[in-house]
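Here is the file start.cif (mmCIF, C-alpha atoms).
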```
data_coords
loop_
_atom_site.label_atom_id
_atom_site.label_comp_id
_atom_site.auth_asym_id
_atom_site.auth_seq_id
_atom_site.Cartn_x
_atom_site.Cartn_y
_atom_site.Cartn_z
CA MET N 1 35.65 8.73 0.85
CA ASN N 2 34.37 8.90 -2.73
CA SER N 3 31.23 10.68 -3.88
CA GLU N 4 29.15 7.52 -4.29
CA GLU N 5 30.04 6.43 -0.79
CA THR N 6 29.07 9.85 0.54
CA ASP N 7 25.74 9.66 -1.26
CA ALA N 8 25.08 6.24 0.23
CA ASN N 9 25.76 7.60 3.70
CA HIS N 10 23.27 10.47 3.39
CA ASP N 11 20.27 8.32 4.29
CA LEU N 12 21.06 6.66 7.58
CA SER N 13 17.48 5.88 8.64
CA SER N 14 17.81 2.39 7.20
CA LEU N 15 20.39 0.38 5.36
CA ASP N 16 19.98 -2.23 2.66
CA ILE N 17 22.28 -5.01 3.73
CA LEU N 18 23.37 -7.78 1.38
CA LEU N 19 23.57 -10.97 3.39
CA PHE N 20 25.98 -13.60 2.20
CA THR N 21 27.96 -16.51 3.52
CA VAL N 22 31.51 -17.60 3.05
CA ASP N 23 31.77 -21.16 4.19
CA GLU N 24 29.52 -21.07 7.28
CA VAL N 25 30.27 -17.49 8.26
CA LEU N 26 27.34 -15.12 7.86
CA CYS N 27 28.34 -11.65 6.69
CA GLY N 28 26.69 -8.50 5.48
CA MET N 29 27.70 -5.46 3.49
CA ASP N 30 25.97 -2.19 2.74
CA GLY N 31 24.08 -2.82 -0.49
CA GLY N 32 24.23 0.89 -1.29
CA LEU N 33 27.94 0.55 -1.91
CA ILE N 34 27.69 -2.30 -4.41
CA GLY N 35 28.37 -1.49 -8.05
CA ARG N 36 27.62 -4.79 -9.77
CA MET N 37 27.06 -8.41 -8.86
CA LEU N 38 28.36 -10.99 -11.29
CA LEU N 39 28.48 -14.73 -11.44
CA LEU N 40 32.05 -15.92 -11.12
CA ASP N 41 32.19 -17.00 -14.78
CA GLU N 42 30.87 -13.64 -15.92
CA ALA N 43 33.49 -11.86 -13.81
CA VAL N 44 36.26 -14.02 -15.25
CA ASP N 45 35.01 -13.33 -18.79
CA SER N 46 34.93 -9.61 -17.98
CA LYS N 47 38.52 -9.86 -16.78
CA VAL N 48 37.61 -8.63 -13.30
CA GLN N 49 40.57 -8.97 -10.96
CA LEU N 50 39.34 -11.34 -8.27
CA ARG N 51 39.94 -10.94 -4.58
CA TRP N 52 38.67 -14.06 -2.81
CA PHE N 53 37.11 -13.39 0.58
CA HIS N 54 39.05 -16.15 2.32
CA GLN N 55 42.33 -14.80 0.94
CA ALA N 56 41.56 -11.32 2.23
CA LEU N 57 40.55 -12.64 5.65
CA SER N 58 42.24 -15.78 6.91
CA PHE N 59 40.12 -18.73 7.97
CA GLY N 60 43.15 -20.27 9.69
CA GLU N 61 43.32 -23.99 9.18
CA ARG N 62 39.63 -24.27 8.33
CA PRO N 63 39.06 -25.45 4.77
CA VAL N 64 36.85 -23.03 2.85
CA PHE N 65 34.36 -24.16 0.21
CA TYR N 66 32.41 -21.87 -2.08
CA GLN N 67 29.16 -23.46 -3.22
CA ASN N 68 27.81 -20.64 -5.38
CA PRO N 69 30.47 -17.95 -5.75
CA TRP N 70 29.52 -14.46 -6.87
CA VAL N 71 31.64 -11.42 -7.45
CA VAL N 72 30.73 -7.97 -6.17
CA THR N 73 32.30 -4.79 -7.44
CA MET N 74 32.07 -1.63 -5.41
CA LYS N 75 30.98 1.84 -6.39
CA GLY N 76 33.91 4.18 -6.67
CA VAL N 77 36.41 1.37 -7.14
CA ALA N 78 37.61 0.55 -10.62
CA GLU N 79 35.55 -2.40 -11.81
CA VAL N 80 38.69 -4.30 -12.57
CA SER N 81 38.56 -5.38 -8.90
CA GLY N 82 35.87 -7.60 -7.45
CA LEU N 83 35.35 -9.42 -4.18
CA VAL N 84 34.44 -13.10 -4.44
CA ILE N 85 31.77 -14.06 -1.93
CA ASP N 86 29.62 -17.13 -1.62
CA GLN N 87 25.88 -17.60 -1.51
CA PRO N 88 24.19 -14.18 -1.61
CA LEU N 89 21.23 -14.90 0.64
CA ASP N 90 19.07 -11.84 0.84
CA LEU N 91 18.89 -8.08 0.78
CA VAL N 92 17.45 -6.96 4.11
CA LYS N 93 16.44 -3.54 5.38
CA LEU N 94 18.14 -2.79 8.64
CA SER N 95 17.70 0.01 11.12
CA PRO N 96 21.03 1.35 12.35
CA ARG N 97 19.62 0.87 15.86
CA ALA N 98 19.86 -2.89 15.32
CA ILE N 99 23.61 -2.70 14.71
CA CYS N 100 25.93 -3.49 17.62
CA PRO N 101 29.43 -2.07 17.58
CA MET N 102 32.22 -4.62 17.60
CA PRO N 103 34.43 -4.90 20.70
CA ALA N 104 36.75 -1.89 20.84
CA PHE N 105 39.95 -3.84 20.24
CA PHE N 106 38.71 -4.93 16.79
CA ALA N 107 39.55 -1.46 15.49
CA LEU N 108 43.13 -1.88 16.74
CA THR N 109 43.78 -5.36 15.42
CA GLU N 110 45.09 -6.29 12.03
CA GLY N 111 42.52 -8.45 10.26
CA LEU N 112 39.63 -7.26 12.40
CA ARG N 113 39.42 -3.62 11.34
CA VAL N 114 37.33 -4.71 8.38
CA TYR N 115 34.39 -5.44 10.72
CA TRP N 116 32.45 -2.34 11.64
CA GLY N 117 29.46 -3.89 13.40
CA ALA N 118 27.21 -6.88 13.78
CA PHE N 119 23.53 -7.64 14.11
CA MET N 120 21.33 -10.63 14.82
CA PHE N 121 19.43 -12.28 11.97
CA ASN N 122 17.41 -15.43 12.62
CA GLU N 123 19.31 -15.86 15.90
CA ARG N 124 22.66 -15.78 14.11
CA VAL N 125 25.36 -13.14 14.30
CA VAL N 126 25.88 -11.26 11.02
CA LEU N 127 29.31 -9.64 10.70
CA LEU N 128 29.19 -6.35 8.85
CA ILE N 129 32.24 -5.85 6.68
CA ASP N 130 33.72 -2.85 4.95
CA PRO N 131 34.29 -4.13 1.40
CA TYR N 132 36.52 -1.19 0.52
CA GLN N 133 39.08 -2.40 3.06
CA LEU N 134 38.97 -5.87 1.59
CA LEU N 135 39.58 -4.57 -1.91
CA ALA N 136 42.25 -2.08 -0.87
CA MET S 1 42.61 -11.15 98.58
CA VAL S 2 41.91 -11.78 94.92
CA ASN S 3 44.72 -14.26 94.71
CA VAL S 4 43.33 -16.14 97.63
CA MET S 5 39.92 -16.35 95.93
CA ASP S 6 41.55 -17.46 92.65
CA ALA S 7 43.44 -20.15 94.51
CA ARG S 8 40.17 -21.45 95.92
CA GLU S 9 38.44 -21.43 92.52
CA PRO S 10 37.76 -24.97 91.42
CA LYS S 11 39.99 -26.26 88.64
CA SER S 12 36.99 -26.91 86.39
CA GLU S 13 35.90 -23.28 86.71
CA ARG S 14 39.37 -22.11 85.74
CA ILE S 15 39.42 -24.36 82.71
CA LEU S 16 36.00 -23.14 81.58
CA ARG S 17 37.08 -19.55 82.01
CA MET S 18 40.21 -20.22 79.99
CA ILE S 19 38.15 -21.82 77.19
CA LYS S 20 35.78 -18.87 77.16
CA GLN S 21 38.70 -16.47 76.87
CA MET S 22 40.27 -18.50 74.05
CA ARG S 23 37.01 -18.55 72.11
CA LEU S 24 36.59 -14.82 72.54
CA GLU S 25 40.07 -14.22 71.15
CA GLU S 26 39.37 -16.51 68.18
CA SER S 27 36.16 -14.68 67.36
CA VAL S 28 37.87 -11.29 67.10
CA VAL S 29 38.16 -10.36 63.42
CA ASP S 30 40.97 -8.12 62.30
CA VAL S 31 38.97 -5.48 60.48
CA ASN S 32 42.17 -4.13 58.94
CA VAL S 33 42.64 -7.27 56.82
CA LYS S 34 41.70 -6.52 53.21
CA PHE S 35 40.15 -9.19 51.08
CA GLU S 36 40.27 -9.88 47.36
CA LYS S 37 37.50 -11.79 45.63
CA LEU S 38 38.83 -14.45 43.29
CA VAL S 39 37.03 -16.39 40.59
CA ILE S 40 38.83 -19.73 40.56
CA PHE S 41 38.63 -21.87 37.45
CA SER S 42 40.40 -24.81 35.90
CA LEU S 43 42.23 -25.08 32.60
CA ALA S 44 43.79 -28.36 31.53
CA GLY S 45 43.66 -29.60 35.12
CA GLU S 46 45.42 -26.58 36.64
CA LEU S 47 43.76 -23.98 38.83
CA PHE S 48 43.82 -20.32 37.81
CA ALA S 49 42.00 -17.24 39.07
CA PHE S 50 41.02 -13.75 38.01
CA ALA S 51 40.27 -10.91 40.42
CA GLY S 52 36.52 -11.13 40.98
CA ARG S 53 36.01 -7.37 40.63
CA LEU S 54 37.03 -7.67 36.97
CA VAL S 55 34.75 -10.60 36.18
CA LYS S 56 31.43 -9.08 35.16
CA GLU S 57 29.54 -12.26 34.32
CA ILE S 58 29.93 -16.01 34.22
CA LEU S 59 28.04 -17.46 31.26
CA ILE S 60 27.15 -20.95 30.14
CA CYS S 61 28.70 -21.63 26.74
CA GLN S 62 26.62 -20.66 23.78
CA GLU S 63 27.08 -20.43 20.04
CA ILE S 64 30.30 -18.66 19.12
CA SER S 65 30.49 -17.23 15.60
CA PHE S 66 33.88 -17.61 13.97
CA VAL S 67 35.40 -14.35 12.72
CA PRO S 68 37.64 -14.72 9.67
CA GLY S 69 40.92 -12.85 9.96
CA SER S 70 40.98 -13.07 13.75
CA PRO S 71 44.13 -13.93 15.69
CA GLY S 72 44.46 -17.55 16.79
CA PHE S 73 43.46 -16.95 20.40
CA LEU S 74 40.13 -15.42 19.40
CA LEU S 75 37.41 -18.06 19.08
CA GLY S 76 34.85 -15.62 17.71
CA VAL S 77 31.98 -13.48 18.89
CA MET S 78 28.67 -14.16 20.56
CA ASN S 79 25.49 -12.31 21.32
CA VAL S 80 24.92 -11.49 24.97
CA ARG S 81 21.50 -9.90 25.45
CA GLY S 82 21.89 -7.79 22.32
CA ASP S 83 25.56 -6.92 22.71
CA ILE S 84 28.40 -8.49 20.76
CA GLU S 85 31.12 -9.93 22.97
CA SER S 86 34.36 -11.46 21.75
CA VAL S 87 35.37 -14.86 23.14
CA ALA S 88 39.03 -15.75 23.59
CA SER S 89 40.67 -19.05 24.44
CA LEU S 90 42.73 -18.58 27.58
CA ALA S 91 44.37 -21.94 26.90
CA VAL S 92 45.75 -20.63 23.59
CA ILE S 93 46.90 -17.38 25.21
CA LEU S 94 48.71 -19.30 27.96
CA GLY S 95 50.06 -21.96 25.61
CA ILE S 96 48.43 -24.89 27.39
CA PRO S 97 46.28 -27.67 25.90
CA GLN S 98 42.69 -26.81 25.03
CA LEU S 99 40.56 -29.69 26.30
CA ALA S 100 37.58 -30.99 24.33
CA PRO S 101 34.39 -28.95 24.82
CA SER S 102 32.34 -29.92 27.86
CA ALA S 103 29.04 -28.94 29.45
CA LEU S 104 31.10 -27.56 32.35
CA ASN S 105 32.83 -24.98 30.14
CA ARG S 106 32.07 -21.39 31.05
CA ILE S 107 32.70 -17.99 29.52
CA LEU S 108 33.88 -15.29 31.92
CA ILE S 109 33.10 -11.77 30.76
CA VAL S 110 36.17 -9.91 31.98
CA GLU S 111 36.83 -6.20 31.75
CA ASP S 112 39.72 -3.93 32.71
CA ASP S 113 40.09 -0.21 32.07
CA HIS S 114 40.66 -0.65 28.34
CA THR S 115 39.42 -4.02 27.14
CA ARG S 116 36.44 -6.30 27.61
CA SER S 117 36.10 -9.84 26.35
CA GLY S 118 34.71 -13.25 27.07
CA ILE S 119 37.30 -15.78 28.22
CA LEU S 120 36.60 -19.48 27.75
CA VAL S 121 37.62 -21.70 30.68
CA ASP S 122 37.17 -25.42 31.30
CA LYS S 123 35.25 -25.11 34.56
CA VAL S 124 34.54 -22.50 37.23
CA GLU S 125 35.52 -24.03 40.55
CA ASP S 126 34.56 -21.39 43.10
CA VAL S 127 34.28 -17.71 43.92
CA ILE S 128 36.03 -16.94 47.20
CA ASP S 129 37.30 -14.05 49.29
CA VAL S 130 40.93 -14.33 50.32
CA PRO S 131 43.08 -11.92 52.36
CA PHE S 132 45.22 -9.79 50.07
CA ASP S 133 48.37 -10.96 51.77
CA SER S 134 47.56 -14.59 51.03
CA ILE S 135 48.31 -13.89 47.36
CA LYS S 136 52.05 -14.41 47.20
CA PRO S 137 54.50 -13.68 44.41
CA PRO S 138 54.65 -16.70 42.11
CA LEU S 139 57.14 -19.31 43.29
CA VAL S 140 56.42 -22.26 41.07
CA THR S 141 58.32 -22.93 37.89
CA MET S 142 56.12 -22.65 34.82
CA ASN S 143 56.27 -22.04 31.12
CA GLY S 144 56.96 -18.60 29.76
CA LEU S 145 53.48 -17.67 28.60
CA ILE S 146 51.87 -18.44 31.96
CA ALA S 147 54.66 -16.65 33.82
CA GLU S 148 54.23 -13.60 31.58
CA ASN S 149 50.55 -13.30 32.55
CA LEU S 150 50.88 -14.05 36.24
CA LYS S 151 50.09 -11.76 39.16
CA GLY S 152 50.71 -14.19 42.01
CA GLU S 153 49.61 -17.44 43.54
CA THR S 154 47.52 -18.61 46.43
CA VAL S 155 46.23 -21.88 47.83
CA TYR S 156 42.71 -23.28 47.50
CA ARG S 157 41.84 -26.58 49.21
CA GLY S 158 45.49 -27.52 49.32
CA ARG S 159 46.12 -26.78 45.65
CA THR S 160 48.11 -23.98 44.11
CA VAL S 161 46.02 -21.37 42.30
CA LEU S 162 47.78 -19.18 39.74
CA VAL S 163 46.28 -15.70 39.90
CA LEU S 164 46.39 -14.07 36.47
CA ASP S 165 46.80 -10.40 35.69
CA ILE S 166 44.01 -9.66 33.22
CA THR S 167 45.73 -6.51 31.93
CA LYS S 168 48.70 -8.66 30.90
CA VAL S 169 46.36 -11.22 29.32
CA PHE S 170 44.64 -8.44 27.38
CA LYS S 171 47.96 -7.21 25.98
CA ARG S 172 47.44 -9.66 23.11
CA PHE S 173 44.16 -7.95 22.30
CA GLY S 174 44.39 -4.96 20.07
CA SER S 175 47.93 -5.76 19.04
CA ASP S 176 48.66 -6.84 15.52
CA GLU S 177 50.21 -10.05 16.84
CA GLN S 178 48.53 -13.03 15.21
#
```
As structure tokens, please, write out the structure in this file.
Amino acid sequence: MNSEETDANHDLSSLDILLFTVDEVLCGMDGGLIGRMLLLDEAVDSKVQLRWFHQALSFGERPVFYQNPWVVTMKGVAEVSGLVIDQPLDLVKLSPRAICPMPAFFALTEGLRVYWGAFMFNERVVLLIDPYQLLA
Amino acid sequence: MVNVMDAREPKSERILRMIKQMRLEESVVDVNVKFEKLVIFSLAGELFAFAGRLVKEILICQEISFVPGSPGFLLGVMNVRGDIESVASLAVILGIPQLAPSALNRILIVEDDHTRSGILVDKVEDVIDVPFDSIKPPLVTMNGLIAENLKGETVYRGRTVLVLDITKVFKRFGSDEQ
């Protein structure tokens, strides 16, 4: 764990969660871990190495469309790497009490280890992802 | 003396006594017989069952959120009173056709010692108690995936019910098999 990540973990009373979608899947990541957010064109101009969300996590046979792609870089990771997400929706404050752990077998399954929890937002399930695993 | 009295007993009385005795014998329950509760459900027209003690809830279908990166048998996750439960397609696990969604579809929340998940089935048919010894080793010929997950078979209303071993079904969970 890098120093920035450790700093972000010091305050656990509430988390700032970046909500975003990829296709119709609603996801969230800890905003405290985000280095920069760039429009896709800006990221390309800055020669950021792109890791598309749907390439990191398979959508099976579902076609995936990005309507408004953004690129997030993470603190502690060289900014040459960025994760392409779609439609940043909101930054919400979340109490850790609102987070449900994922079913235990997620931690044992390739492709599912990236999810560390979930919570309900407007009656929809938000999947909390670990962006460091996606960029690894 | 007794024999003489019996010989004089009217035939109708003897018949009634015999009927009474037969009914008494029929009403005696063998308390040593052990029963297993089964949740019987259908999938693609076939009857299957899980041990009822492992089925924690039977839920009406609700919104299932797709989880990118999940293995093919996993349909997604859903919120059940504040908890996140996974939902798997038993049809995919058993390699049988997944019928179109229907209002009769149900999600069984099933749990063994290690794993817990929702299991989507076409329709729950019944919950019954059957004697343990009525669950026989599987005799019917079936495809490999069903056979691999089978515990035994029994009969329900004249139809064969394939009793599944949930621990075998859950072997797919938590493995890196996609």
Next item on the list: For chain N, work out the contacting residues on chain S at 8 Å, counting only C-alpha atoms, and write them as a PyMOL selection string.
Entry: chain S and resi 65-72+78-79+82-86+115-117+173-177
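Here CA of Ala100 (chain S) and CA of Lys123 (chain S) stand 12.0 Å from one another.
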Next item on the list: Please measure the separation of CA of Tyr156 (chain S) and CA of Arg172 (chain S), giving the value in Å to one decimal.
Entry: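 Going from CA of Tyr156 (chain S) over to CA of Arg172 (chain S) covers 28.3 Å.
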Next item on the list: Would you kindly return, as a PyMOL selection string, each protein, DNA or RNA residue with an atom no farther than 8 Å from any atom of Lys93 (chain N), considering all atoms listed in the file and excluding same-chain residues fewer than 3 positions away?
Entry: chain N and resi 14-17
Selection from above, C-alpha atoms, as a JSON list (two decimals), keeping the file's coordinate frame, can you write it?
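Below is the file part35.json, written as the result:
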```json
[["chain", "number", "residue", "atom", "x", "y", "z"],
["N", 14, "SER", "CA", 17.81, 2.39, 7.20],
["N", 15, "LEU", "CA", 20.39, 0.38, 5.36],
["N", 16, "ASP", "CA", 19.98, -2.23, 2.66],
["N", 17, "ILE", "CA", 22.28, -5.01, 3.73]]
```
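The space separating CA of Val77 (chain N) from CA of Leu135 (chain N) comes to 8.5 Å.
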Checklist line | Closest of N:Val44, N:Leu33, N:Leu50, N:Leu39 to Lys75 (chain N) - atom-to-atom distances counting all atoms listed in the file | finding: N:Leu33
Check: Could you spell out the hits of the PyMOL selection byres ((chain S and resi 169) around 12) on the shown file, as an MDAnalysis selection string?
Finding: chainID S and resid 50 73 88:95 110:112 115:117 119 145:151 163:168 170:175
Take the residues from that selection and put them in a file with C-alpha atoms, as a tab-separated table (two decimals), keeping the file's coordinate frame.
```tsv
chain	number	residue	atom	x	y	z
S	50	PHE	CA	41.02	-13.75	38.01
S	73	PHE	CA	43.46	-16.95	20.40
S	88	ALA	CA	39.03	-15.75	23.59
S	89	SER	CA	40.67	-19.05	24.44
S	90	LEU	CA	42.73	-18.58	27.58
S	91	ALA	CA	44.37	-21.94	26.90
S	92	VAL	CA	45.75	-20.63	23.59
S	93	ILE	CA	46.90	-17.38	25.21
S	94	LEU	CA	48.71	-19.30	27.96
S	95	GLY	CA	50.06	-21.96	25.61
S	110	VAL	CA	36.17	-9.91	31.98
S	111	GLU	CA	36.83	-6.20	31.75
S	112	ASP	CA	39.72	-3.93	32.71
S	115	THR	CA	39.42	-4.02	27.14
S	116	ARG	CA	36.44	-6.30	27.61
S	117	SER	CA	36.10	-9.84	26.35
S	119	ILE	CA	37.30	-15.78	28.22
S	145	LEU	CA	53.48	-17.67	28.60
S	146	ILE	CA	51.87	-18.44	31.96
S	147	ALA	CA	54.66	-16.65	33.82
S	148	GLU	CA	54.23	-13.60	31.58
S	149	ASN	CA	50.55	-13.30	32.55
S	150	LEU	CA	50.88	-14.05	36.24
S	151	LYS	CA	50.09	-11.76	39.16
S	163	VAL	CA	46.28	-15.70	39.90
S	164	LEU	CA	46.39	-14.07	36.47
S	165	ASP	CA	46.80	-10.40	35.69
S	166	ILE	CA	44.01	-9.66	33.22
S	167	THR	CA	45.73	-6.51	31.93
S	168	LYS	CA	48.70	-8.66	30.90
S	170	PHE	CA	44.64	-8.44	27.38
S	171	LYS	CA	47.96	-7.21	25.98
S	172	ARG	CA	47.44	-9.66	23.11
S	173	PHE	CA	44.16	-7.95	22.30
S	174	GLY	CA	44.39	-4.96	20.07
S	175	SER	CA	47.93	-5.76	19.04
```
Run the PyMOL selection byres ((chain N and resi 136) around 12) against the file shown and list the residues it catches, as an mmCIF file with C-alpha atoms, in the frame of the given file.
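Ended up saving to part25.cif:
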```cif
data_model
loop_
_atom_site.group_PDB
_atom_site.id
_atom_site.type_symbol
_atom_site.label_atom_id
_atom_site.label_comp_id
_atom_site.auth_asym_id
_atom_site.auth_seq_id
_atom_site.Cartn_x
_atom_site.Cartn_y
_atom_site.Cartn_z
ATOM 1 C CA ARG N 51 39.940 -10.940 -4.580
ATOM 2 C CA ALA N 56 41.560 -11.320 2.230
ATOM 3 C CA MET N 74 32.070 -1.630 -5.410
ATOM 4 C CA GLY N 76 33.910 4.180 -6.670
ATOM 5 C CA VAL N 77 36.410 1.370 -7.140
ATOM 6 C CA ALA N 78 37.610 0.550 -10.620
ATOM 7 C CA SER N 81 38.560 -5.380 -8.900
ATOM 8 C CA GLY N 82 35.870 -7.600 -7.450
ATOM 9 C CA LEU N 83 35.350 -9.420 -4.180
ATOM 10 C CA VAL N 114 37.330 -4.710 8.380
ATOM 11 C CA ASP N 130 33.720 -2.850 4.950
ATOM 12 C CA PRO N 131 34.290 -4.130 1.400
ATOM 13 C CA TYR N 132 36.520 -1.190 0.520
ATOM 14 C CA GLN N 133 39.080 -2.400 3.060
ATOM 15 C CA LEU N 134 38.970 -5.870 1.590
ATOM 16 C CA LEU N 135 39.580 -4.570 -1.910
#
```
